[in-house]
Amino acid sequence: MDLTPLVEAAQNSALSEWMRMSLKAVAIINALHIMSIVTVFGTILIVDLRLLGYPNVKRSYLRMHHELLRWTWGAFGIAAVTGVLLFMVNAVTYHRNTAFWLKMATMVLAGINMMVFELMTAKTAPSWDKGVPPPNAARVAGALSIVLWIAVIVFGRWIGFTKGYDFAIPEDVQFDFSLPQ
Amino acid sequence: MFEFAEWLGSTPLSVAIQSRLWLTPLLQTIHITMIGIVFVSMLNVALRVLGKVRADEPLAEVWHRFAPWFWCALGVMAGTGLILSIGEPVRQATALSFWIKMSLIAIGVASALYFGRTVSAAATAADASYSGRARVVAVATIILWLAIIFFGRSIAYDVEIWESWHLA
């Protein structure tokens with residue numbers, strides 16, 4: 001499937017144009033993106049560690065899941081919206097960026113891991129909710145989730161350092177990324 | 001200050017950091033994962049005061065659950081932040097956001113130290129529900145750490161955010 005027309009339309013949209021011309025929009029949206037993604041990561045990490053039985057299994061898994069994941073999803077919503085906006089600013093180059101696609105693929109894997117866990121392992125949660133070591137399937141899901149979300153952050157940061165260009169810039173070439181005045 | 005930053009940027013250590021192109025993204029990634037741990041640790045303690053999480057657990061216990069994570073992650077942040085700053089001292093020193101961030105961190109660390117010292121005595125007295133004042137402090141703490149993240153990201157956009165207030 002060729003996404004190029006869609007990507008070009010996103011980049012040429014009035015909203016995208018406004019964000020590029022505004023001095024502060026990209027900076028503020030970027031900061032909101034970081035604020036929300038670290039909240040996603042931190043809250044998921046607590047639940048994942050609980051799935052690994054760490055630091056202990058004294059507290060109810062289901063209660064922890066219920067209390068924390070609403071913050072995770074709230075933050076994820078903000079991260080998704082700000083992420084789409086940041087993509088639109090420079091859609092054509094991000095669309096060709098390897099780190100961007102690795103980040104998207106890693107998020108899909110994290111989503112699959114979550115769905116497998118929620119649809120299968122989590123059904124048995126009442127039997128290991130508290131005081132007993134979680135089953136191996138829960139441990140695997142927790143460990144995978146930690147690794148995948150760290151990878152999402154790694155690839156996310158990587159995007160910023162590749163600037164959307166997937167080739168080595170020759171040493172004597174100056175690349176000017178600033179906007180035409 | 002700027003002369004010091006310029007001198008620091010020319011030292012062999014700074015040049016060594018600058019010349020390893022993989023180092024900055026690696027350190028920034030560690031720095032970002034650590035702020036996730038720092039912020040969410042504080043968030044949990046604040047949400048406990050607001051009665052949103054772990055309402056069955058005494059506040060002092062919630063603090064002791066998260067304090068080691070908070071302090072360890074903060075230590076790693078200080079280390080990675082220091083190396084990043086040595087690698088780009090002029091950019092840091094001329095960024096108003098950097099100085100605001102450092103000031104807010106000083107407030108955040110001082111209040112965390114004070115809270116850690118007083119939580120055991122204060123918490124048992126009023127564990128069931130907290131006063132309006134404690135709730136205001138909890139919300140202010142969440143906002144403070146969010147602001148630290150905001151200004152941390154803004155260092156890279158200092159001219160855009162502050163325009164003529166930028167320090168260069």
# chains A, B, ... in the order shown; residues from 1 in each chain; ligands from 1
$ closest_atom_pairs --of "region 7-66 of chain A" --to "region 124-139 of chain A" --cutoff "9 Å" --atoms "only C-alpha atoms" --output "JSON lines"
{"residue": "A:Asp48", "atom": "CA", "partner": "A:Arg139", "partner_atom": "CA", "distance": 8.0}
{"residue": "A:Leu49", "atom": "CA", "partner": "A:Arg139", "partner_atom": "CA", "distance": 8.5}
{"residue": "A:Arg50", "atom": "CA", "partner": "A:Pro134", "partner_atom": "CA", "distance": 8.5}
{"residue": "A:Leu51", "atom": "CA", "partner": "A:Arg139", "partner_atom": "CA", "distance": 5.4}
{"residue": "A:Leu52", "atom": "CA", "partner": "A:Arg139", "partner_atom": "CA", "distance": 4.7}
{"residue": "A:Gly53", "atom": "CA", "partner": "A:Pro133", "partner_atom": "CA", "distance": 6.1}
{"residue": "A:Asn56", "atom": "CA", "partner": "A:Gly131", "partner_atom": "CA", "distance": 8.4}
{"residue": "A:Val57", "atom": "CA", "partner": "A:Gly131", "partner_atom": "CA", "distance": 5.2}
{"residue": "A:Lys58", "atom": "CA", "partner": "A:Gly131", "partner_atom": "CA", "distance": 5.2}
{"residue": "A:Arg59", "atom": "CA", "partner": "A:Lys130", "partner_atom": "CA", "distance": 5.9}
{"residue": "A:Ser60", "atom": "CA", "partner": "A:Lys130", "partner_atom": "CA", "distance": 4.8}
{"residue": "A:Tyr61", "atom": "CA", "partner": "A:Asp129", "partner_atom": "CA", "distance": 5.1}
{"residue": "A:Leu62", "atom": "CA", "partner": "A:Asp129", "partner_atom": "CA", "distance": 6.3}
{"residue": "A:Arg63", "atom": "CA", "partner": "A:Asp129", "partner_atom": "CA", "distance": 8.7}
$ closest_atom_pairs --of "chain A" --to "chain B" --cutoff "7 Å" --atoms "only C-alpha atoms" --output "tab-separated table"
residue	atom	partner	partner_atom	distance
A:Leu23	CA	B:Glu160	CA	5.4
A:Lys24	CA	B:Glu160	CA	5.6
A:Ala27	CA	B:Tyr157	CA	6.0
A:Ala31	CA	B:Phe150	CA	5.2
A:Met35	CA	B:Ile149	CA	6.2
A:Val38	CA	B:Gly36	CA	4.2
A:Thr39	CA	B:Gly36	CA	5.9
A:Phe41	CA	B:Gly36	CA	6.2
A:Gly42	CA	B:Gly36	CA	4.8
A:Thr43	CA	B:Val40	CA	6.3
A:Glu67	CA	B:Val53	CA	5.8
A:Ile153	CA	B:Thr29	CA	6.5
A:Val154	CA	B:Thr29	CA	5.8
A:Arg157	CA	B:Pro25	CA	6.4
A:Trp158	CA	B:Pro25	CA	6.7
$ residues_around --residues "Gly108 (chain B)" --least-positions-apart "6" --cutoff "10 Å" --atoms "only C-alpha atoms" --output "list in words"
Met42, Met102, Tyr114, Thr141, Leu144, Trp145 and Ile148 of chain B
$ write_last_selection --atoms "N, CA and C atoms" --output "PDB file, in the first residue's frame"
ATOM      1  N   MET B  42       6.851   9.948  42.211  1.00  0.00           N
ATOM      2  CA  MET B  42       6.238  11.087  42.896  1.00  0.00           C
ATOM      3  C   MET B  42       4.729  11.127  42.649  1.00  0.00           C
ATOM      4  N   MET B 102      16.762  23.775  36.587  1.00  0.00           N
ATOM      5  CA  MET B 102      17.631  23.525  37.738  1.00  0.00           C
ATOM      6  C   MET B 102      17.018  24.086  39.031  1.00  0.00           C
ATOM      7  N   TYR B 114      12.457  16.938  52.720  1.00  0.00           N
ATOM      8  CA  TYR B 114      11.648  17.343  53.869  1.00  0.00           C
ATOM      9  C   TYR B 114      10.490  16.365  54.074  1.00  0.00           C
ATOM     10  N   THR B 141       2.984  19.294  43.588  1.00  0.00           N
ATOM     11  CA  THR B 141       4.143  18.426  43.340  1.00  0.00           C
ATOM     12  C   THR B 141       4.071  17.800  41.949  1.00  0.00           C
ATOM     13  N   LEU B 144       4.878  20.493  39.522  1.00  0.00           N
ATOM     14  CA  LEU B 144       6.306  20.829  39.595  1.00  0.00           C
ATOM     15  C   LEU B 144       7.134  19.862  38.750  1.00  0.00           C
ATOM     16  N   TRP B 145       6.895  18.555  38.894  1.00  0.00           N
ATOM     17  CA  TRP B 145       7.710  17.585  38.146  1.00  0.00           C
ATOM     18  C   TRP B 145       7.367  17.580  36.662  1.00  0.00           C
ATOM     19  N   ILE B 148       9.301  20.416  35.306  1.00  0.00           N
ATOM     20  CA  ILE B 148      10.721  20.067  35.148  1.00  0.00           C
ATOM     21  C   ILE B 148      10.937  19.344  33.812  1.00  0.00           C
TER      22      ILE B 148
END
$ residues_around --residues "Phe4 (chain B)" --least-positions-apart "3" --cutoff "10 Å" --atoms "only C-alpha atoms" --output "ChimeraX atom specification"
/B:1,7-10,89-90,93
$ residues_around --residues "Val136 (chain B)" --least-positions-apart "5" --cutoff "10 Å" --atoms "only C-alpha atoms" --output "MDAnalysis selection string"
chainID B and resid 46 49:50 131 141
$ write_last_selection --atoms "N, CA and C atoms" --output "compact mmCIF listing (two decimals), in the first residue's frame"
# COMPACT_ATOMS: atom_id res chain seq x y z
N ALA B 46 1.80 11.33 45.40
CA ALA B 46 0.82 12.42 45.36
C ALA B 46 -0.61 11.88 45.20
N VAL B 49 -1.99 10.67 48.43
CA VAL B 49 -2.50 11.76 49.26
C VAL B 49 -3.90 12.18 48.78
N LEU B 50 -4.09 12.14 47.45
CA LEU B 50 -5.38 12.51 46.88
C LEU B 50 -6.39 11.37 46.97
N SER B 131 -6.09 16.71 54.45
CA SER B 131 -6.67 18.04 54.46
C SER B 131 -6.54 18.69 53.09
N THR B 141 2.98 19.29 43.59
CA THR B 141 4.14 18.43 43.34
C THR B 141 4.07 17.80 41.95
$ select_by_dssp --residues "region 10-164 of chain B" --states "alpha helix (DSSP H)" --output "JSON, numbers by chain"
{"B": [10, 12, 13, 14, 15, 16, 17, 18, 19, 23, 24, 25, 26, 27, 28, 29, 30, 31, 32, 33, 34, 35, 36, 37, 38, 39, 40, 41, 42, 43, 44, 45, 46, 47, 48, 49, 59, 60, 61, 62, 63, 64, 65, 66, 67, 68, 69, 70, 71, 72, 73, 74, 75, 76, 77, 78, 79, 80, 81, 82, 83, 84, 85, 86, 87, 89, 90, 91, 92, 93, 96, 97, 98, 99, 100, 101, 102, 103, 104, 105, 106, 107, 108, 109, 110, 111, 112, 113, 114, 115, 116, 117, 118, 119, 120, 121, 122, 123, 124, 125, 132, 133, 134, 135, 136, 137, 138, 139, 140, 141, 142, 143, 144, 145, 146, 147, 148, 149, 150, 151, 152, 153, 154, 158, 159, 160, 161, 162]}
